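Asker: Below is one structure. I have some questions about it.
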Amino acid sequence: MVRGLALAAALGVVLAACSSQGGRQEEAAAPGGGGGQTATTPRLTIAMITHQAPGDTFWDKVRTGAEVAAAKDNVELKYNNDPEAARQATLIQNAVDSGVDGIAVTMSKPEPLAPAIKAAVDKGIPVVAINSGIDAWKPLGIKMYFGSDETVAGESVGERLTKEGAGKALCVIQEQGSVSLEARCAGVKSTHPTTENLVVNGVDLPSVRSTIAAKLQQDPSLTHVVTLGAPFALAALESIADAGSSAKVATFDLNSDAAQAIKDGKIVFSVDQQPYVQGYEAVDALWLNLTNGNDLGGGRAVLTGPSFVDSTNIDQIITYAKNNTR
């Protein structure tokens, strides 16, 4: 509840600052089809560079949020992605060399990205971090961070599994070496010690399905499979059927299919970090900084999660999940 209130307060600051910009404004599309306003501040170019892997629907929400904010803020958004850290660093450097006004970046593997991020900071280009890198953003001179504390999120999952009497759990990591994903599973294990990690190839969903199924067949004592992304939760449901297992699935993150699976009782819960908000706030924060000198968060990360989605609130959330905004 405290984290939710903190996010609400942060959003309130953003909205208040937006309304103080002044000047004539024009109509623009807003999420859900409603009307919005377009700023008349000078046209800016903002690059968003993520570690999105092919087929990962999580990033559709991040990008949608970023695009809505860009439309409102008179910003040209340049979105690029690469799951391989060295190539992501090259994309950041390319953005710096092209003279963008601001950069939003994910830091799944911070160390290889550091030189390119430093190049941006040294050139006076404001940088914000989203989604990953909560322990790395400040030393690099990044202005703000929008995302979840993945250790805290993992601990929350482990606490819930323990409270609900879960037995042995399998935590499935779809990208080896990702600091955020490893923090999630470490958090789960810290509060639910009978948790074992399983590394899979997240860019190959049939392989994910067969690897999880093989593990379930090998260890019938597993009662829960915890996945770190909605597409992998759906693969895990197929794995359970393939293995003839009675294990239950819990997941991090949400998409429309996972939301429907929660409503249908097939997934017990999701831990949502609200990626739409991350994308939106990254662009909006850079715009506020560039046009009005604002810095949000007071030097602290702005937390967008964790937030549980389960049978008690899925009816209120599923529509937004299907709209690709939650």
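Each chain in the structure tokens gets a letter, A, B and so on, in the order shown; residues start at 1 in every chain, and ligands are counted from 1 in the order they appear.
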Running DSSP on the backbone, which parts of range 149-299 of chain A land in alpha helix (DSSP H), as a ChimeraX atom specification?
Answerer: /A:150-163,179-191,205-218,230-243,256-263,275-292
Asker: If we count only C-alpha atoms, what is near Thr106 in chain A at a cut-off of 10 Å, once residues fewer than 6 positions away on the same chain are taken out, given as a PDB file with N, CA and C atoms, in the first residue's frame?
Answerer:
ATOM      1  N   MET A  48      14.394   5.552 -26.742  1.00  0.00           N
ATOM      2  CA  MET A  48      14.156   4.523 -25.729  1.00  0.00           C
ATOM      3  C   MET A  48      14.818   3.243 -26.217  1.00  0.00           C
ATOM      4  N   ILE A  49      15.725   2.716 -25.415  1.00  0.00           N
ATOM      5  CA  ILE A  49      16.533   1.571 -25.831  1.00  0.00           C
ATOM      6  C   ILE A  49      16.424   0.490 -24.757  1.00  0.00           C
ATOM      7  N   THR A  50      15.831  -0.635 -25.123  1.00  0.00           N
ATOM      8  CA  THR A  50      15.558  -1.697 -24.158  1.00  0.00           C
ATOM      9  C   THR A  50      16.258  -2.993 -24.552  1.00  0.00           C
ATOM     10  N   HIS A  51      16.200  -3.944 -23.630  1.00  0.00           N
ATOM     11  CA  HIS A  51      16.760  -5.272 -23.897  1.00  0.00           C
ATOM     12  C   HIS A  51      15.665  -6.242 -24.336  1.00  0.00           C
ATOM     13  N   GLN A  52      14.616  -5.720 -24.944  1.00  0.00           N
ATOM     14  CA  GLN A  52      13.509  -6.554 -25.411  1.00  0.00           C
ATOM     15  C   GLN A  52      14.008  -7.679 -26.309  1.00  0.00           C
ATOM     16  N   ASN A  81      15.788  -1.823 -29.698  1.00  0.00           N
ATOM     17  CA  ASN A  81      15.974  -2.859 -28.688  1.00  0.00           C
ATOM     18  C   ASN A  81      16.940  -3.927 -29.175  1.00  0.00           C
ATOM     19  N   GLN A  88      23.046  -3.648 -27.343  1.00  0.00           N
ATOM     20  CA  GLN A  88      22.237  -2.596 -26.730  1.00  0.00           C
ATOM     21  C   GLN A  88      23.108  -1.369 -26.441  1.00  0.00           C
ATOM     22  N   LEU A 113      26.816  -1.648 -20.487  1.00  0.00           N
ATOM     23  CA  LEU A 113      26.144  -0.430 -20.953  1.00  0.00           C
ATOM     24  C   LEU A 113      26.791   0.834 -20.399  1.00  0.00           C
ATOM     25  N   VAL A 128      17.246   8.568 -18.227  1.00  0.00           N
ATOM     26  CA  VAL A 128      16.467   7.920 -17.164  1.00  0.00           C
ATOM     27  C   VAL A 128      16.502   6.420 -17.405  1.00  0.00           C
ATOM     28  N   ALA A 129      16.398   5.677 -16.321  1.00  0.00           N
ATOM     29  CA  ALA A 129      16.383   4.218 -16.403  1.00  0.00           C
ATOM     30  C   ALA A 129      14.989   3.711 -16.109  1.00  0.00           C
ATOM     31  N   ILE A 130      14.623   2.633 -16.777  1.00  0.00           N
ATOM     32  CA  ILE A 130      13.340   1.984 -16.522  1.00  0.00           C
ATOM     33  C   ILE A 130      13.543   0.484 -16.399  1.00  0.00           C
ATOM     34  N   ASN A 131      12.676  -0.144 -15.624  1.00  0.00           N
ATOM     35  CA  ASN A 131      12.495  -1.599 -15.608  1.00  0.00           C
ATOM     36  C   ASN A 131      13.600  -2.380 -14.918  1.00  0.00           C
ATOM     37  N   SER A 132      14.854  -2.069 -15.164  1.00  0.00           N
ATOM     38  CA  SER A 132      15.943  -2.854 -14.584  1.00  0.00           C
ATOM     39  C   SER A 132      17.142  -1.951 -14.345  1.00  0.00           C
ATOM     40  N   GLY A 133      17.924  -2.324 -13.317  1.00  0.00           N
ATOM     41  CA  GLY A 133      19.089  -1.527 -12.973  1.00  0.00           C
ATOM     42  C   GLY A 133      18.888  -0.657 -11.756  1.00  0.00           C
ATOM     43  N   ILE A 134      18.006  -1.069 -10.851  1.00  0.00           N
ATOM     44  CA  ILE A 134      17.687  -0.244  -9.683  1.00  0.00           C
ATOM     45  C   ILE A 134      18.902  -0.030  -8.792  1.00  0.00           C
ATOM     46  N   TRP A 137      21.722   2.665 -11.296  1.00  0.00           N
ATOM     47  CA  TRP A 137      21.452   3.898 -12.026  1.00  0.00           C
ATOM     48  C   TRP A 137      22.153   5.120 -11.449  1.00  0.00           C
ATOM     49  N   TYR A 145      14.853   6.711 -11.990  1.00  0.00           N
ATOM     50  CA  TYR A 145      14.582   5.295 -12.255  1.00  0.00           C
ATOM     51  C   TYR A 145      13.105   5.039 -12.021  1.00  0.00           C
ATOM     52  N   PHE A 146      12.466   4.397 -12.981  1.00  0.00           N
ATOM     53  CA  PHE A 146      11.064   4.004 -12.870  1.00  0.00           C
ATOM     54  C   PHE A 146      10.971   2.493 -13.028  1.00  0.00           C
ATOM     55  N   GLY A 147      10.542   1.812 -12.000  1.00  0.00           N
ATOM     56  CA  GLY A 147      10.426   0.361 -12.088  1.00  0.00           C
ATOM     57  C   GLY A 147      10.132  -0.244 -10.738  1.00  0.00           C
TER      58      GLY A 147
END
Asker: Any idea what's packed within 8 Å of His192 in chain A, counting only C-alpha atoms, ignoring anything in its chain fewer than 6 positions away? Could you give it as a ChimeraX atom specification?
Answerer: /A:158-159,161-162
Asker: Write down as a PyMOL selection string the residues belonging to range 91-218 of chain A that are assigned strand (DSSP E) by DSSP computed on the backbone.
Answerer: chain A and resi 102-105+127-130+144-148+168-173+195-199
Asker: Go ahead and compute the interatomic distance for CA of Arg184 in chain A and CA of Cys171 in chain A, in Å to one decimal.
Answerer: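 The value is 8.8 Å.
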Asker: Please provide the set of residues having any atom within 7 Å of Ala247 in chain A, restricted to only C-alpha atoms, with same-chain residues fewer than 5 positions apart removed, written as a VMD selection string.
Answerer: chain A and resid 222 to 225 240
Asker: Limited to N, CA and C atoms, could you put the picked residues into a file as a PDB file, in the first residue's frame?
Answerer:
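Result saved to out.pdb:
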ATOM      1  N   LEU A 222       7.485 -30.954  -6.964  1.00  0.00           N
ATOM      2  CA  LEU A 222       7.263 -29.537  -7.241  1.00  0.00           C
ATOM      3  C   LEU A 222       5.770 -29.210  -7.209  1.00  0.00           C
ATOM      4  N   THR A 223       5.393 -28.228  -6.398  1.00  0.00           N
ATOM      5  CA  THR A 223       3.984 -27.838  -6.287  1.00  0.00           C
ATOM      6  C   THR A 223       3.668 -26.539  -7.022  1.00  0.00           C
ATOM      7  N   HIS A 224       4.708 -25.734  -7.279  1.00  0.00           N
ATOM      8  CA  HIS A 224       4.482 -24.444  -7.936  1.00  0.00           C
ATOM      9  C   HIS A 224       5.596 -24.152  -8.933  1.00  0.00           C
ATOM     10  N   VAL A 225       5.212 -23.540 -10.044  1.00  0.00           N
ATOM     11  CA  VAL A 225       6.167 -23.009 -11.014  1.00  0.00           C
ATOM     12  C   VAL A 225       5.992 -21.494 -11.029  1.00  0.00           C
ATOM     13  N   ILE A 240       2.961 -28.224 -17.666  1.00  0.00           N
ATOM     14  CA  ILE A 240       2.291 -28.969 -16.601  1.00  0.00           C
ATOM     15  C   ILE A 240       1.375 -30.029 -17.200  1.00  0.00           C
TER      16      ILE A 240
END
Asker: Please compute the CA of Ser207 in chain A-CA of Val271 in chain A distance, one decimal, in Å.
Answerer: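 Result for CA of Ser207 in chain A versus CA of Val271 in chain A: 24.0 Å, one decimal.
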Asker: Using only C-alpha atoms, which residue out of A:Gly279, A:Gln176, A:Val188, A:Glu164 lies closest to Ala70 in chain A?
Answerer: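 For Ala70 in chain A, the nearest of the candidates is A:Gly279.
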Asker: Go through A:Thr325, A:Gln278, A:Asn313, A:Ser239 and flag the residue nearest Lys263 in chain A, using only C-alpha atoms for the distances.
Answerer: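 Result for the nearest residue to Lys263 in chain A: A:Asn313.
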Asker: Give me, please, the distance in Å between CA of Thr41 in chain A and CA of Asp73 in chain A, quoted to one decimal.
Answerer: 7.6 Å
Asker: What's around Glu281 in chain A at 8 Å? Count only C-alpha atoms, leave out sequence neighbours fewer than 5 positions away in its own chain, and write the answer as a list in words.
Answerer: Gly65, Ala66, Ala69 and Phe146 of chain A
Asker: Save the residues we just selected, C-alpha atoms, as a tab-separated table (two decimals), in the first residue's frame?
Answerer:
chain	number	residue	atom	x	y	z
A	65	GLY	CA	3.01	4.02	-22.61
A	66	ALA	CA	6.03	5.77	-24.09
A	69	ALA	CA	3.44	10.29	-23.50
A	146	PHE	CA	11.06	4.00	-12.87
Asker: Rank A:Val226, A:Ala183, A:Ile262, A:Ala301 by their smallest atom-to-atom distance to Val157 in chain A, using only C-alpha atoms, and report the top residue only.
Answerer: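 With only C-alpha atoms as the atom set, the closest residue is A:Val226.
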Asker: Just want the 9 Å neighbourhood of Ala285 in chain A, counted on only C-alpha atoms, with same-chain residues fewer than 5 positions away dropped. Output as number ranges by chain.
Answerer: A: 14, 128, 144, 280, 290, 294-296
Asker: Create the file for the chosen residues now, containing N, CA and C atoms and written as a compact mmCIF listing (two decimals), in the first residue's frame.
Answerer:
# COMPACT_ATOMS: atom_id res chain seq x y z
N VAL A 14 3.77 14.65 -11.59
CA VAL A 14 3.90 14.74 -13.04
C VAL A 14 2.72 15.49 -13.64
N VAL A 128 17.25 8.57 -18.23
CA VAL A 128 16.47 7.92 -17.16
C VAL A 128 16.50 6.42 -17.40
N MET A 144 16.84 9.50 -13.11
CA MET A 144 15.68 8.91 -12.47
C MET A 144 15.58 7.44 -12.82
N TYR A 280 5.55 5.36 -20.00
CA TYR A 280 4.95 6.70 -19.99
C TYR A 280 5.78 7.67 -19.16
N LEU A 290 13.63 18.48 -19.54
CA LEU A 290 14.17 19.28 -20.64
C LEU A 290 13.44 20.60 -20.83
N ASN A 294 12.47 19.94 -14.27
CA ASN A 294 12.00 19.07 -13.19
C ASN A 294 12.85 17.81 -13.06
N ASP A 295 13.09 17.39 -11.83
CA ASP A 295 13.65 16.08 -11.52
C ASP A 295 12.69 15.40 -10.56
N LEU A 296 12.20 14.23 -10.93
CA LEU A 296 11.24 13.52 -10.10
C LEU A 296 11.93 12.52 -9.20
Asker: Pick out the residues sitting within 9 Å of Val127 in chain A, and hand them over as a VMD selection string; count only C-alpha atoms, and ignore anything fewer than 5 positions along from it in its own chain.
Answerer: chain A and resid 102 to 105 117 120 to 121 141 to 144 286
Asker: Given only C-alpha atoms as the basis, pick out the residue of A:Ile46, A:Ala258, A:Ala321, A:Met107 nearest to Asp135 in chain A.
Answerer: A:Met107
